[in-house]
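What follows is the content of structure-v6.cif (mmCIF, C-alpha atoms).
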data_structure
loop_
_atom_site.group_PDB
_atom_site.id
_atom_site.type_symbol
_atom_site.label_atom_id
_atom_site.label_comp_id
_atom_site.auth_asym_id
_atom_site.auth_seq_id
_atom_site.Cartn_x
_atom_site.Cartn_y
_atom_site.Cartn_z
ATOM 1 C CA MET A 22 0.000 0.000 0.000
ATOM 2 C CA THR A 23 1.300 3.435 -0.950
ATOM 3 C CA ALA A 24 -0.879 6.536 -0.940
ATOM 4 C CA ARG A 25 0.076 10.047 -1.961
ATOM 5 C CA ARG A 26 -1.780 13.367 -1.687
ATOM 6 C CA GLY A 27 -1.009 17.093 -1.719
ATOM 7 C CA PHE A 28 -2.390 19.489 0.896
ATOM 8 C CA ARG A 29 -2.844 23.247 0.677
ATOM 9 C CA ARG A 30 -0.575 25.176 2.970
ATOM 10 C CA SER A 31 -3.176 26.090 5.610
ATOM 11 C CA ILE A 32 -4.083 25.031 9.140
ATOM 12 C CA ASP A 33 -7.602 24.613 7.769
ATOM 13 C CA ALA A 34 -6.292 21.688 5.718
ATOM 14 C CA LEU A 35 -5.780 19.584 8.858
ATOM 15 C CA PRO A 36 -9.180 17.821 8.604
ATOM 16 C CA GLU A 37 -8.303 16.792 5.031
ATOM 17 C CA LEU A 38 -4.930 15.529 6.216
ATOM 18 C CA PHE A 39 -6.527 13.494 9.007
ATOM 19 C CA ALA A 40 -9.131 12.085 6.609
ATOM 20 C CA PHE A 41 -6.276 10.960 4.356
ATOM 21 C CA THR A 42 -4.432 9.179 7.170
ATOM 22 C CA ALA A 43 -7.643 7.574 8.407
ATOM 23 C CA GLU A 44 -8.564 6.139 5.034
ATOM 24 C CA THR A 45 -4.977 5.064 4.319
ATOM 25 C CA ILE A 46 -3.975 3.592 7.684
ATOM 26 C CA ALA A 47 -7.192 2.399 9.320
ATOM 27 C CA GLY A 48 -8.945 1.874 6.010
ATOM 28 C CA GLU A 49 -6.235 -0.460 4.773
ATOM 29 C CA GLY A 50 -6.591 -2.710 7.791
ATOM 30 C CA ARG A 51 -3.591 -1.292 9.643
ATOM 31 C CA ASP A 52 -4.168 -1.134 13.373
ATOM 32 C CA GLY A 53 -6.090 2.022 14.264
ATOM 33 C CA ALA A 54 -3.806 2.526 17.266
ATOM 34 C CA LEU A 55 -1.159 3.739 14.848
ATOM 35 C CA LEU A 56 -3.395 6.510 13.669
ATOM 36 C CA SER A 57 -3.218 8.904 16.627
ATOM 37 C CA SER A 58 0.564 8.808 16.734
ATOM 38 C CA VAL A 59 0.935 9.264 12.971
ATOM 39 C CA ASP A 60 -1.618 12.087 13.016
ATOM 40 C CA LEU A 61 0.237 13.871 15.806
ATOM 41 C CA VAL A 62 3.619 13.637 14.093
ATOM 42 C CA LEU A 63 2.164 14.722 10.753
ATOM 43 C CA GLU A 64 0.295 17.632 12.337
ATOM 44 C CA GLU A 65 3.454 18.934 13.992
ATOM 45 C CA LEU A 66 5.450 18.661 10.748
ATOM 46 C CA PHE A 67 2.666 20.059 8.562
ATOM 47 C CA THR A 68 1.964 23.055 10.808
ATOM 48 C CA ASN A 69 5.694 23.856 10.686
ATOM 49 C CA CYS A 70 5.406 23.943 6.880
ATOM 50 C CA VAL A 71 2.414 26.275 7.171
ATOM 51 C CA LYS A 72 4.087 28.604 9.688
ATOM 52 C CA TYR A 73 7.517 28.837 8.137
ATOM 53 C CA GLY A 74 7.108 27.900 4.477
ATOM 54 C CA ARG A 75 6.761 30.552 1.809
ATOM 55 C CA GLY A 76 5.845 28.537 -1.230
ATOM 56 C CA ALA A 77 2.400 28.254 -2.748
ATOM 57 C CA THR A 78 2.849 24.638 -3.776
ATOM 58 C CA PRO A 79 0.952 21.998 -1.820
ATOM 59 C CA VAL A 80 2.740 19.971 0.820
ATOM 60 C CA LEU A 81 2.999 16.383 -0.406
ATOM 61 C CA VAL A 82 2.377 13.484 1.989
ATOM 62 C CA GLU A 83 3.098 9.873 1.068
ATOM 63 C CA ILE A 84 2.270 6.890 3.271
ATOM 64 C CA ALA A 85 3.643 3.408 2.621
ATOM 65 C CA ALA A 86 3.050 0.204 4.555
ATOM 66 C CA ILE A 87 6.061 -1.391 6.240
ATOM 67 C CA GLU A 88 6.302 -4.405 8.533
ATOM 68 C CA GLY A 89 4.094 -3.621 11.544
ATOM 69 C CA GLY A 90 3.543 0.018 10.681
ATOM 70 C CA VAL A 91 3.971 2.795 8.165
ATOM 71 C CA GLU A 92 6.637 4.960 6.578
ATOM 72 C CA VAL A 93 5.561 8.536 5.928
ATOM 73 C CA MET A 94 7.320 11.066 3.693
ATOM 74 C CA LEU A 95 6.467 14.751 3.749
ATOM 75 C CA THR A 96 7.820 16.919 0.919
ATOM 76 C CA ASP A 97 7.851 20.706 1.209
ATOM 77 C CA ARG A 98 9.008 22.629 -1.852
ATOM 78 C CA ASP A 99 10.385 26.161 -1.717
ATOM 79 C CA ALA A 100 11.271 25.744 1.959
ATOM 80 C CA GLU A 101 13.983 27.268 4.103
ATOM 81 C CA PRO A 102 16.267 24.607 5.613
ATOM 82 C CA PHE A 103 15.170 23.597 9.093
ATOM 83 C CA ASP A 104 16.320 20.256 10.442
ATOM 84 C CA VAL A 105 13.479 19.003 12.606
ATOM 85 C CA THR A 106 15.728 16.284 14.005
ATOM 86 C CA ARG A 107 18.044 18.850 15.608
ATOM 87 C CA ALA A 108 15.549 20.886 17.629
ATOM 88 C CA PRO A 109 16.767 21.864 21.103
ATOM 89 C CA PRO A 110 15.642 19.578 23.924
ATOM 90 C CA VAL A 111 12.704 20.561 26.111
ATOM 91 C CA ASP A 112 13.048 20.398 29.898
ATOM 92 C CA THR A 113 9.896 18.475 30.774
ATOM 93 C CA THR A 114 10.723 18.449 34.486
ATOM 94 C CA LEU A 115 10.056 22.149 35.079
ATOM 95 C CA PRO A 116 7.050 23.174 37.201
ATOM 96 C CA ALA A 117 4.043 24.740 35.496
ATOM 97 C CA GLU A 118 5.033 28.309 36.281
ATOM 98 C CA SER A 119 8.371 27.839 34.507
ATOM 99 C CA ARG A 120 6.984 26.081 31.434
ATOM 100 C CA GLN A 121 6.193 28.000 28.273
ATOM 101 C CA PRO A 122 3.699 26.916 25.597
ATOM 102 C CA GLY A 123 5.473 25.911 22.420
ATOM 103 C CA GLY A 124 8.440 23.750 21.559
ATOM 104 C CA LEU A 125 6.706 20.531 22.470
ATOM 105 C CA GLY A 126 5.832 19.497 18.927
ATOM 106 C CA LEU A 127 9.303 18.416 17.844
ATOM 107 C CA HIS A 128 9.915 16.918 21.293
ATOM 108 C CA LEU A 129 6.810 14.734 20.905
ATOM 109 C CA ILE A 130 7.891 13.673 17.424
ATOM 110 C CA ARG A 131 11.156 12.317 18.848
ATOM 111 C CA LYS A 132 9.198 10.396 21.473
ATOM 112 C CA LEU A 133 6.707 8.870 19.076
ATOM 113 C CA VAL A 134 8.595 7.810 15.958
ATOM 114 C CA ASP A 135 10.836 4.790 15.441
ATOM 115 C CA SER A 136 13.108 6.826 13.169
ATOM 116 C CA ILE A 137 13.117 10.179 11.409
ATOM 117 C CA GLU A 138 15.329 11.598 8.662
ATOM 118 C CA TYR A 139 15.533 15.130 7.290
ATOM 119 C CA ARG A 140 17.033 16.170 3.983
ATOM 120 C CA HIS A 141 17.110 19.587 2.283
ATOM 121 C CA THR A 142 18.382 20.153 -1.233
ATOM 122 C CA PRO A 143 19.380 23.801 -1.829
ATOM 123 C CA GLN A 144 19.156 23.426 -5.621
ATOM 124 C CA ASP A 145 15.378 23.155 -5.594
ATOM 125 C CA ARG A 146 14.834 24.377 -1.991
ATOM 126 C CA CYS A 147 13.053 21.125 -1.221
ATOM 127 C CA SER A 148 12.767 19.636 2.256
ATOM 128 C CA ARG A 149 11.955 15.971 2.690
ATOM 129 C CA ILE A 150 11.173 14.380 6.028
ATOM 130 C CA VAL A 151 10.737 10.619 6.333
ATOM 131 C CA PHE A 152 9.571 8.961 9.525
ATOM 132 C CA ARG A 153 8.697 5.426 10.468
ATOM 133 C CA LYS A 154 6.196 4.359 13.079
ATOM 134 C CA THR A 155 5.372 0.811 14.132
ATOM 135 C CA LEU A 156 3.025 -0.543 16.741
ATOM 136 C CA ALA A 157 5.857 -2.561 18.270
ATOM 137 C CA SER A 158 7.686 0.590 19.403
ATOM 138 C CA THR A 159 4.553 1.920 21.088
ATOM 139 C CA ALA A 160 3.989 -1.359 22.923
ATOM 140 C CA GLN A 161 7.636 -1.488 24.009
ATOM 141 C CA ARG A 162 7.549 2.041 25.438
ATOM 142 C CA THR A 163 4.345 1.277 27.318
ATOM 143 C CA GLN A 164 5.766 -1.945 28.781
ATOM 144 C CA THR A 165 9.026 -0.341 29.913
ATOM 145 C CA GLY A 166 7.286 2.741 31.253
ATOM 146 C CA GLU A 167 9.570 4.980 29.192
ATOM 147 C CA THR A 168 8.472 8.574 29.411
ATOM 148 C CA HIS A 169 11.327 11.028 29.489
ATOM 149 C CA ALA A 170 14.173 9.190 27.807
ATOM 150 C CA GLY A 171 15.676 10.126 24.502
ATOM 151 C CA ASP A 172 16.516 13.813 24.880
ATOM 152 C CA MET B 410 -14.168 18.617 15.179
ATOM 153 C CA LEU B 411 -14.067 19.764 18.771
ATOM 154 C CA ALA B 412 -16.837 20.403 21.293
ATOM 155 C CA ILE B 413 -16.219 21.974 24.679
ATOM 156 C CA ASP B 414 -18.843 23.079 27.157
ATOM 157 C CA PHE B 415 -19.983 22.712 30.738
ATOM 158 C CA GLY B 416 -21.520 19.336 31.591
ATOM 159 C CA ALA B 417 -25.029 18.865 32.934
ATOM 160 C CA ASP B 418 -24.052 19.772 36.495
ATOM 161 C CA GLY B 419 -22.449 23.017 35.347
ATOM 162 C CA ARG B 420 -19.213 22.286 37.226
ATOM 163 C CA VAL B 421 -17.312 19.922 34.983
ATOM 164 C CA VAL B 422 -16.068 21.011 31.575
ATOM 165 C CA VAL B 423 -16.551 18.289 28.968
ATOM 166 C CA VAL B 424 -14.322 18.221 25.902
ATOM 167 C CA SER B 425 -14.833 15.874 22.974
ATOM 168 C CA GLY B 426 -13.386 15.310 19.538
ATOM 169 C CA ARG B 427 -9.984 16.483 18.370
ATOM 170 C CA LEU B 428 -7.987 19.253 20.017
ATOM 171 C CA ASP B 429 -5.539 20.120 17.229
ATOM 172 C CA ALA B 430 -3.972 23.292 15.854
ATOM 173 C CA ALA B 431 -7.137 24.146 13.950
ATOM 174 C CA GLN B 432 -9.285 23.916 17.101
ATOM 175 C CA ALA B 433 -6.922 25.317 19.721
ATOM 176 C CA ALA B 434 -8.189 28.901 19.514
ATOM 177 C CA ALA B 435 -11.786 27.835 20.175
ATOM 178 C CA ALA B 436 -10.750 25.710 23.151
ATOM 179 C CA GLN B 437 -8.606 28.524 24.544
ATOM 180 C CA ALA B 438 -11.457 31.031 24.186
ATOM 181 C CA PHE B 439 -13.691 28.777 26.279
ATOM 182 C CA LEU B 440 -11.097 27.898 28.927
ATOM 183 C CA ASP B 441 -10.100 31.554 29.326
ATOM 184 C CA ARG B 442 -13.504 32.030 30.982
ATOM 185 C CA VAL B 443 -13.261 29.316 33.664
ATOM 186 C CA GLU B 444 -12.176 30.113 37.225
ATOM 187 C CA GLY B 445 -11.154 28.254 40.387
ATOM 188 C CA ALA B 446 -10.779 24.477 40.638
ATOM 189 C CA VAL B 447 -11.910 23.085 37.293
ATOM 190 C CA THR B 448 -12.336 19.469 36.203
ATOM 191 C CA LEU B 449 -11.929 18.755 32.499
ATOM 192 C CA ASP B 450 -13.608 15.510 31.459
ATOM 193 C CA CYS B 451 -11.441 14.080 28.647
ATOM 194 C CA SER B 452 -13.255 10.748 28.250
ATOM 195 C CA ALA B 453 -14.474 11.735 24.773
ATOM 196 C CA LEU B 454 -11.279 13.528 23.760
ATOM 197 C CA GLU B 455 -9.977 11.472 20.840
ATOM 198 C CA TYR B 456 -6.830 13.364 19.939
ATOM 199 C CA LEU B 457 -4.489 15.996 21.342
ATOM 200 C CA SER B 458 -1.489 17.657 19.698
ATOM 201 C CA SER B 459 1.076 20.121 21.006
ATOM 202 C CA ALA B 460 -1.337 22.936 20.163
ATOM 203 C CA GLY B 461 -3.837 21.418 22.582
ATOM 204 C CA LEU B 462 -1.146 20.890 25.205
ATOM 205 C CA GLY B 463 -0.372 24.598 24.922
ATOM 206 C CA VAL B 464 -4.003 25.448 25.622
ATOM 207 C CA LEU B 465 -4.039 23.262 28.729
ATOM 208 C CA LEU B 466 -0.719 24.659 29.988
ATOM 209 C CA LYS B 467 -1.785 28.278 29.538
ATOM 210 C CA THR B 468 -5.017 27.558 31.397
ATOM 211 C CA GLN B 469 -3.253 25.725 34.209
ATOM 212 C CA LYS B 470 -0.743 28.537 34.709
ATOM 213 C CA ARG B 471 -3.518 31.125 34.890
ATOM 214 C CA LEU B 472 -5.595 29.088 37.340
ATOM 215 C CA LEU B 473 -2.633 28.194 39.579
ATOM 216 C CA ALA B 474 -1.755 31.888 39.832
ATOM 217 C CA SER B 475 -5.136 32.511 41.477
ATOM 218 C CA ALA B 476 -5.155 29.417 43.734
ATOM 219 C CA GLY B 477 -7.223 27.383 41.297
ATOM 220 C CA LYS B 478 -6.227 24.410 39.164
ATOM 221 C CA LEU B 479 -7.217 22.326 36.186
ATOM 222 C CA ARG B 480 -7.745 18.610 36.822
ATOM 223 C CA LEU B 481 -8.067 16.094 33.991
ATOM 224 C CA THR B 482 -10.326 13.023 34.181
ATOM 225 C CA GLY B 483 -11.182 10.146 31.852
ATOM 226 C CA VAL B 484 -7.749 10.276 30.203
ATOM 227 C CA SER B 485 -7.125 7.481 27.682
ATOM 228 C CA ARG B 486 -3.956 5.367 27.574
ATOM 229 C CA HIS B 487 -2.693 7.178 24.474
ATOM 230 C CA LEU B 488 -3.295 10.613 26.007
ATOM 231 C CA GLN B 489 -1.609 9.477 29.235
ATOM 232 C CA ASP B 490 1.468 8.713 27.142
ATOM 233 C CA ILE B 491 1.356 12.147 25.516
ATOM 234 C CA PHE B 492 1.048 13.838 28.918
ATOM 235 C CA ALA B 493 3.944 11.751 30.276
ATOM 236 C CA TYR B 494 6.201 12.477 27.288
ATOM 237 C CA SER B 495 5.486 16.190 27.816
ATOM 238 C CA GLY B 496 6.012 16.136 31.572
ATOM 239 C CA PHE B 497 2.423 17.252 31.985
ATOM 240 C CA ASP B 498 1.799 14.302 34.328
ATOM 241 C CA GLN B 499 3.781 16.394 36.859
ATOM 242 C CA ILE B 500 1.779 19.555 36.171
ATOM 243 C CA PHE B 501 -1.751 18.174 36.136
ATOM 244 C CA GLU B 502 -3.671 15.845 38.408
ATOM 245 C CA ILE B 503 -4.706 13.136 35.947
ATOM 246 C CA GLU B 504 -7.390 10.522 36.481
ATOM 247 C CA PRO B 505 -7.147 7.718 33.881
ATOM 248 C CA ALA B 506 -10.158 6.481 31.950
ATOM 249 C CA ARG B 507 -11.848 3.460 33.503
#
I'd like the structure from this file rewritten - as structure tokens, please.
Amino acid sequence: MTARRGFRRSIDALPELFAFTAETIAGEGRDGALLSSVDLVLEELFTNCVKYGRGATPVLVEIAAIEGGVEVMLTDRDAEPFDVTRAPPVDTTLPAESRQPGGLGLHLIRKLVDSIEYRHTPQDRCSRIVFRKTLASTAQRTQTGETHAGD
Amino acid sequence: MLAIDFGADGRVVVVSGRLDAAQAAAAQAFLDRVEGAVTLDCSALEYLSSAGLGVLLKTQKRLLASAGKLRLTGVSRHLQDIFAYSGFDQIFEIEPAR
């Protein structure tokens, strides 16, 4: 299974994005438990494209089935380079009064995915992000009680 | 879509649907009006992104500053994970879904 669709560069396109993941992941018989995690990672990446991208071209999302999960590629043309895998860590141990809204999106991505790769080609100003998510990684984190590791 | 309103008893705030970047402003507008010790029933909350976490954090900080607080109930396993990954399990009193 491989599905591909372009999305207009707008927060209002999120329902269309979620409909696409639902029909591709749950609709293809993949476990629905994958869906929330994939949706969250895609939302964080897509909203970054909306906030910081300048191009008018749609953001392309491709979803392919892999063993026990999915591989997702997001392509953003006419984008400034911004390596989502190198975002500064978030101190999740601070009390409420010291926490600031924002910055959690990329932190959550690191927690949820099995792997993530970022590539930017200056020639065509194209950013490509590929992440993998399997159910096995979710189950493993739940069993080991992992919550704050990985930063 | 997202729905947020007071429950039948008028004391508990019930949120349902998806609290994403497209819905965060509506949720914030509602929660900006609550005062004191507030319980947010999340049993019908299907999805929460960092935008939604920001709404909850902003509300909690405001309420704590005036001796109130936001308490979360009916929290699903997936949302418990999201709260734990964010450190929000140390900021909010969380009652898991039954």
Practice problem: On this file, the PyMOL selection byres ((chain A) within 10 of (chain B)) gives some set of residues; write that set as number ranges by chain. | Solution: A: 31-36, 54, 56-58, 60-62, 64-65, 68, 111-129, 131-133, 159, 162-163, 166-170
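The space separating CA of Leu479 (chain B) from CA of Val59 (chain A) comes to 27.9 Å.
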Quiz prompt | Selection: 10 Å around Ser452 (chain B), all atoms listed in the file, excl. self and same-chain fewer than 3 positions, as an MDAnalysis selection string | solution = chainID B and resid 423:426 449 455 481:485 505:507
Practice problem: Record the distance separating CA of Val80 (chain A) and CA of Thr96 (chain A), expressed in Å with one decimal. | Solution: 5.9 Å
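Here CA of Thr106 (chain A) and CA of Glu83 (chain A) stand 19.2 Å from one another.
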Self-check item: Which of B:Ala438, B:Ile503, B:Leu428, B:Gly419 sits closest to Ala453 (chain B) [using only C-alpha atoms]
Solution: B:Leu428
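By chain and then residue number, the residues within 12 Å of Val443 (chain B) are Ile413, Asp414, Phe415, Gly419, Arg420, Val421, Val422, Ala436, Gln437, Ala438, Phe439, Val447, Thr448, Leu449, Thr468, Gln469, Arg471, Leu472, Ser475, Gly477, Lys478 and Leu479 of chain B, counting only C-alpha atoms and disregarding those fewer than 4 positions away in sequence.
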Which centre and which edge lengths, in Å to one decimal, describe the axis-aligned box that holds all listed atoms of region 499-502 of chain B after 6 Å is added on each side, as JSON?
{"center_x": 0.1, "center_y": 17.7, "center_z": 37.3, "size_x": 19.5, "size_y": 15.7, "size_z": 14.3}
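Selection result for the displayed file, with the PyMOL selection byres ((chain A and resi 81) around 7) as criterion, is Arg26, Gly27, Phe28, Pro79, Val80, Val82, Glu83, Leu95, Thr96 and Asp97 of chain A.
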Quiz item: Between A:Phe41, A:Thr155, A:Pro143, A:Phe103, which is the closest to Ala86 (chain A) once you count only C-alpha atoms?
Solution: A:Thr155
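Among the candidates A:Ile84, A:Leu63, A:Cys70, A:Ile150, the one nearest to Ile46 (chain A) when counting only C-alpha atoms is A:Ile84.
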Practice problem: Quick one: apply the PyMOL selection byres ((chain A and resi 139) around 12) to the file and drop the selected residues here as a ChimeraX atom specification. | Solution: /A:66,94-97,102-108,136-138,140-142,147-152
